[in-house]
Structure formats: structure tokens, C-alpha cells
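A.B. asks: Take this structure, written in C-alpha cells, and hold onto it; I'll ask about it next.
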Amino acid sequence: MEPSNKAAGSRGRRSGMNGAKASARKRVVIADSDPLARRVIRAALQDDHDFVVPAEAKTGVEAIELCGYYKPDAALLETDLGNGLDGIVAARKIREAAPGTKILMFSREDREDVQLAALAAGASGFIPKSADIAEVVQGLKHVIEGRAAIPPRTTMVLIQRLRMLPEGGAGIRPVRSVLTPREWEILDLLSQQLDTREIAETLVLTEETVYSHVKNILRKLGVHSRREAVERARELRDPLAGPTLPAEASR
């Protein structure tokens with residue numbers, strides 16, 4: 001028996017509404033080496049009706065590839081993904097492959113240095129695995145909406161570090177410079193008389209990495225000590241001090 005035009009039209013409208021609802025759902029890629037954790041999170045997201053999970057990854061490499069392919073609204077990354085590519089490294093690469101994808105990190109390890117490293121890598125939030133699944137869902141909603149999902153204790157650490165920045169315009173950097181943004185960050189901290197260990201802790205780097213950056217700073221600025229580098233940086237920041245580039249950069 002042929003359906004009536006009225007019935008067919010009604011079904012078509014319902015189908016259209018269902019399609020509209022489906023298209024409004026936010027896509028999330030889940031990356032966790034534990035299949036049980038992935039299954040629990042996927043079920044919670046799909047039960048919420050605001051999300052759809054187009055793919056899951058068990059390694060950092062898979063997470064990068066899937067985010068590059070699907071360009072999801074968000075990626076939920078476990079920090080410990082194994083196979084030599086952890087979630088923090090994967091976050092940096094996902095930001096390159098899918099700049100529009102918001103990243104929420106979650107981990108059994110909730111130390112502040114791990115959280116800060118995740119945020120520095122491009123994550124918009126951090127949720128410990130001890131959190132209730134509802135907090136994970138809410139955290140994803142926040143980062144997708146352009147808000148941060150950061151534990152209050154970590155927020156206070158960020159505020160304290162902000163207060164450590166140089167005052168009186170000392171942190172202003174010249175538009176043209178041979179130094180990289182990271183090298184300027186280290187110079188900012190050198191100007192506050194922080195030592196290598198303190199700089200490493202502040203920027204979540206190894207002391208060896210800080211030594212390497214300082215060596216490059218001295219070479220690029222044509223100076224022989226950290227004190228001279230700080231003085232040279234002050235000259236570069238001063239718009240009345242003359243050229244903003246050292247002699248080697250003009251060649």
C-alpha cells in the first residue's frame with residue numbers, strides 16, 4: 001500500500017529534524033590506551049545527546065591522524081598514551097594538524113607541572129581521571145565553547161606566575177628580533193634574577209634545555225654573560241635605543 005503524501009511529508013520532516021539534531025552534535029575524538037576508559041567516556045558523551053564520537057585512538061600517533069582527518073570540535077587526550085608519543089606531544093601536533101580542535105587533557109597524574117605542560121602544549125583544560133564522568137563531559141562543553149576547564153589550584157599557580165612577569169614595560173619585546181619567543185621568555189626570567197633551576201621549573205623544561213637556550217641567546221646577542229644579555233635585552237626593548245637587531249642579523 002502506497003503511503004499518503006501527508007504521511008510521507010511527516011516522515012520527511014521528522015527525518016530532516018533528526019538530521020539537523022545530528023549535525024548540531026559536537027564531534028569528539030577520544031584518545032586513551034585503555035579500551036575500557038574509552039568505552040565509558042564514549043557512552044557518557046553519546047548519552048548526553050550533545051556529542052558524537054567519530055573515532056577513538058589508543059596511541060598518540062593515531063590521535064594526531066584521526067584529528068587531522070575528522071577535524072573534530074574537541075579531542076580528549078590521556079597524557080600517558082605510550083609508544084614514545086605522549087598526550088602532551090600529541091596535543092602540540094594536533095594543534096598544527098587541526099587548529100580548530102579544542103583539546104582537553106585528562107590523566108591519573110594531576111601534578112601541577114603536568115597540567116601546566118599540557119596547557120603550554122595547547123590544551124584548553126585539564127581534568128584528572130579521579131573526576132566524575134560528568135565533570136569530563138562538562139569540561140568538554142567548556143573548551144568547545146571557548147572557555148577554560150582548569151582546576152582552581154592550577155588557576156592560582158598561573159596567576160602567581162603572571163605576577164612574576166616584569167613590570168614597567170620590561171616584558172615588551174621588539175617587533176623584529178633574532179630571538180625566538182621561548183628565548184625571550186627565558187630572558188624575561190633572567191631579568192628577574194632566576195637561576196637555571198628556577199627557570200626550568202617555571203617553564204616546565206629540563207635544566208639542559210634551559211642551558212641550551214641561554215647559550216643561543218648569548219650567541220645571537222653577541223654577549224658573553226647572562227648579565228650582559230639582560231642589559232642587551234633592555235636596549236632592544238627601548239624604542240629610543242636604536243636598531244632592534246644585533247649586527248649579525250643585519251648581514
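Order determines the names: the first chain of the C-alpha cells is A, the second B, and so forth; residues in each chain are numbered 1 upward, and ligands are numbered 1 upward as they are shown.
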Using DSSP on the backbone, list every residue of stretch 56-217 of chain A that comes out as strand (DSSP E or B), and give them as a list in words.
C.D. replies: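 The strand (DSSP E or B) subset of stretch 56-217 of chain A is Glu56, Ala57, Ala74, Ala75, Leu76, Leu77, Glu78, Lys102, Ile103, Leu104, Met105, Phe106, Ser107, Gly125, Phe126, Ile127, Pro128 and Ala149 of chain A.
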A.B. asks: Given the selection you just returned, output its residues as a file containing N, CA and C atoms, formatted as a CSV table (one decimal), in the first residue's frame.
C.D. replies:
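The resulting file, again.csv, is shown below:
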chain,number,residue,atom,x,y,z
A,56,GLU,N,38.1,6.7,17.8
A,56,GLU,CA,38.9,6.6,19.0
A,56,GLU,C,40.3,6.2,18.7
A,57,ALA,N,41.2,6.6,19.6
A,57,ALA,CA,42.6,6.3,19.3
A,57,ALA,C,43.2,5.7,20.6
A,74,ALA,N,36.5,18.8,19.4
A,74,ALA,CA,37.4,18.6,20.5
A,74,ALA,C,38.1,17.3,20.5
A,75,ALA,N,39.2,17.2,21.2
A,75,ALA,CA,39.9,15.9,21.4
A,75,ALA,C,40.1,15.8,22.9
A,76,LEU,N,39.8,14.6,23.4
A,76,LEU,CA,40.0,14.3,24.8
A,76,LEU,C,41.2,13.3,24.9
A,77,LEU,N,42.3,13.8,25.4
A,77,LEU,CA,43.6,13.1,25.3
A,77,LEU,C,44.1,12.7,26.7
A,78,GLU,N,44.4,11.4,26.9
A,78,GLU,CA,45.1,11.0,28.1
A,78,GLU,C,46.6,11.4,27.9
A,102,LYS,N,39.6,21.9,19.8
A,102,LYS,CA,39.9,22.2,21.2
A,102,LYS,C,40.4,20.9,21.9
A,103,ILE,N,41.3,21.1,22.8
A,103,ILE,CA,41.9,19.9,23.5
A,103,ILE,C,41.7,19.9,25.0
A,104,LEU,N,41.2,18.8,25.5
A,104,LEU,CA,41.0,18.7,26.9
A,104,LEU,C,41.9,17.5,27.3
A,105,MET,N,42.8,17.7,28.2
A,105,MET,CA,43.7,16.6,28.7
A,105,MET,C,43.1,16.0,29.9
A,106,PHE,N,43.3,14.7,30.1
A,106,PHE,CA,42.9,14.1,31.4
A,106,PHE,C,43.9,13.0,31.7
A,107,SER,N,44.2,12.8,33.0
A,107,SER,CA,45.2,11.9,33.4
A,107,SER,C,45.1,11.4,34.8
A,125,GLY,N,42.2,22.8,28.7
A,125,GLY,CA,41.7,22.4,30.0
A,125,GLY,C,42.4,21.1,30.4
A,126,PHE,N,42.2,20.8,31.7
A,126,PHE,CA,42.8,19.6,32.3
A,126,PHE,C,41.9,19.0,33.3
A,127,ILE,N,41.5,17.7,33.1
A,127,ILE,CA,40.6,17.0,34.1
A,127,ILE,C,41.4,15.8,34.6
A,128,PRO,N,41.5,15.6,35.9
A,128,PRO,CA,42.1,14.4,36.5
A,128,PRO,C,41.2,13.2,36.3
A,149,ALA,N,38.9,24.9,31.1
A,149,ALA,CA,38.5,23.9,32.1
A,149,ALA,C,39.7,23.6,33.0
A.B. asks: List every residue of stretch 117-223 of chain A that DSSP, applied to the backbone, labels as alpha helix (DSSP H), and write the result as a PyMOL selection string.
C.D. replies: chain A and resi 117-120+133-144+152-163+181-190+196-203+207-221
A.B. asks: Keeping only C-alpha atoms, write the selected residues as a compact mmCIF listing (two decimals), in the first residue's frame.
C.D. replies:
# COMPACT_ATOMS: atom_id res chain seq x y z
CA ALA A 117 52.84 21.43 30.46
CA ALA A 118 49.52 20.35 28.94
CA LEU A 119 48.26 23.93 28.83
CA ALA A 120 51.54 25.14 27.32
CA ILE A 133 32.48 11.39 34.35
CA ALA A 134 30.02 14.30 34.46
CA GLU A 135 32.97 16.65 35.04
CA VAL A 136 34.66 15.30 31.91
CA VAL A 137 31.51 15.95 29.87
CA GLN A 138 31.18 19.45 31.34
CA GLY A 139 34.86 20.13 30.69
CA LEU A 140 34.43 19.26 27.02
CA LYS A 141 31.46 21.59 26.76
CA HIS A 142 33.52 24.39 28.29
CA VAL A 143 36.50 24.05 25.96
CA ILE A 144 34.28 23.75 22.87
CA PRO A 152 41.16 26.16 40.80
CA ARG A 153 44.57 25.27 42.26
CA THR A 154 46.16 25.41 38.81
CA THR A 155 44.46 28.72 38.09
CA MET A 156 46.12 30.15 41.21
CA VAL A 157 49.53 28.92 40.04
CA LEU A 158 49.00 30.66 36.70
CA ILE A 159 48.06 33.88 38.50
CA GLN A 160 51.19 33.67 40.63
CA ARG A 161 53.35 33.21 37.55
CA LEU A 162 51.64 36.14 35.85
CA ARG A 163 52.58 38.29 38.83
CA PRO A 181 59.54 33.68 21.72
CA ARG A 182 60.93 30.96 24.01
CA GLU A 183 64.30 32.75 24.23
CA TRP A 184 62.51 35.96 25.17
CA GLU A 185 60.63 34.08 27.89
CA ILE A 186 63.96 32.94 29.31
CA LEU A 187 65.38 36.47 29.07
CA ASP A 188 62.33 37.77 30.96
CA LEU A 189 63.09 35.33 33.76
CA LEU A 190 66.82 36.08 33.68
CA THR A 196 68.67 27.82 35.73
CA ARG A 197 66.71 25.52 38.03
CA GLU A 198 64.05 28.14 38.73
CA ILE A 199 63.68 28.93 35.03
CA ALA A 200 63.34 25.23 34.23
CA GLU A 201 60.61 24.82 36.85
CA THR A 202 58.75 27.94 35.72
CA LEU A 203 58.70 26.97 32.03
CA GLU A 207 67.82 22.35 33.03
CA GLU A 208 69.76 21.08 30.00
CA THR A 209 67.20 22.70 27.68
CA VAL A 210 67.49 26.00 29.57
CA TYR A 211 71.30 25.88 29.29
CA SER A 212 70.96 25.34 25.53
CA HIS A 213 68.57 28.29 25.15
CA VAL A 214 70.85 30.57 27.20
CA LYS A 215 73.82 29.60 25.04
CA ASN A 216 71.85 30.51 21.91
CA ILE A 217 70.75 33.82 23.46
CA LEU A 218 74.34 34.80 24.25
CA ARG A 219 75.47 33.89 20.73
CA LYS A 220 72.64 35.73 18.99
CA LEU A 221 73.05 38.87 21.09
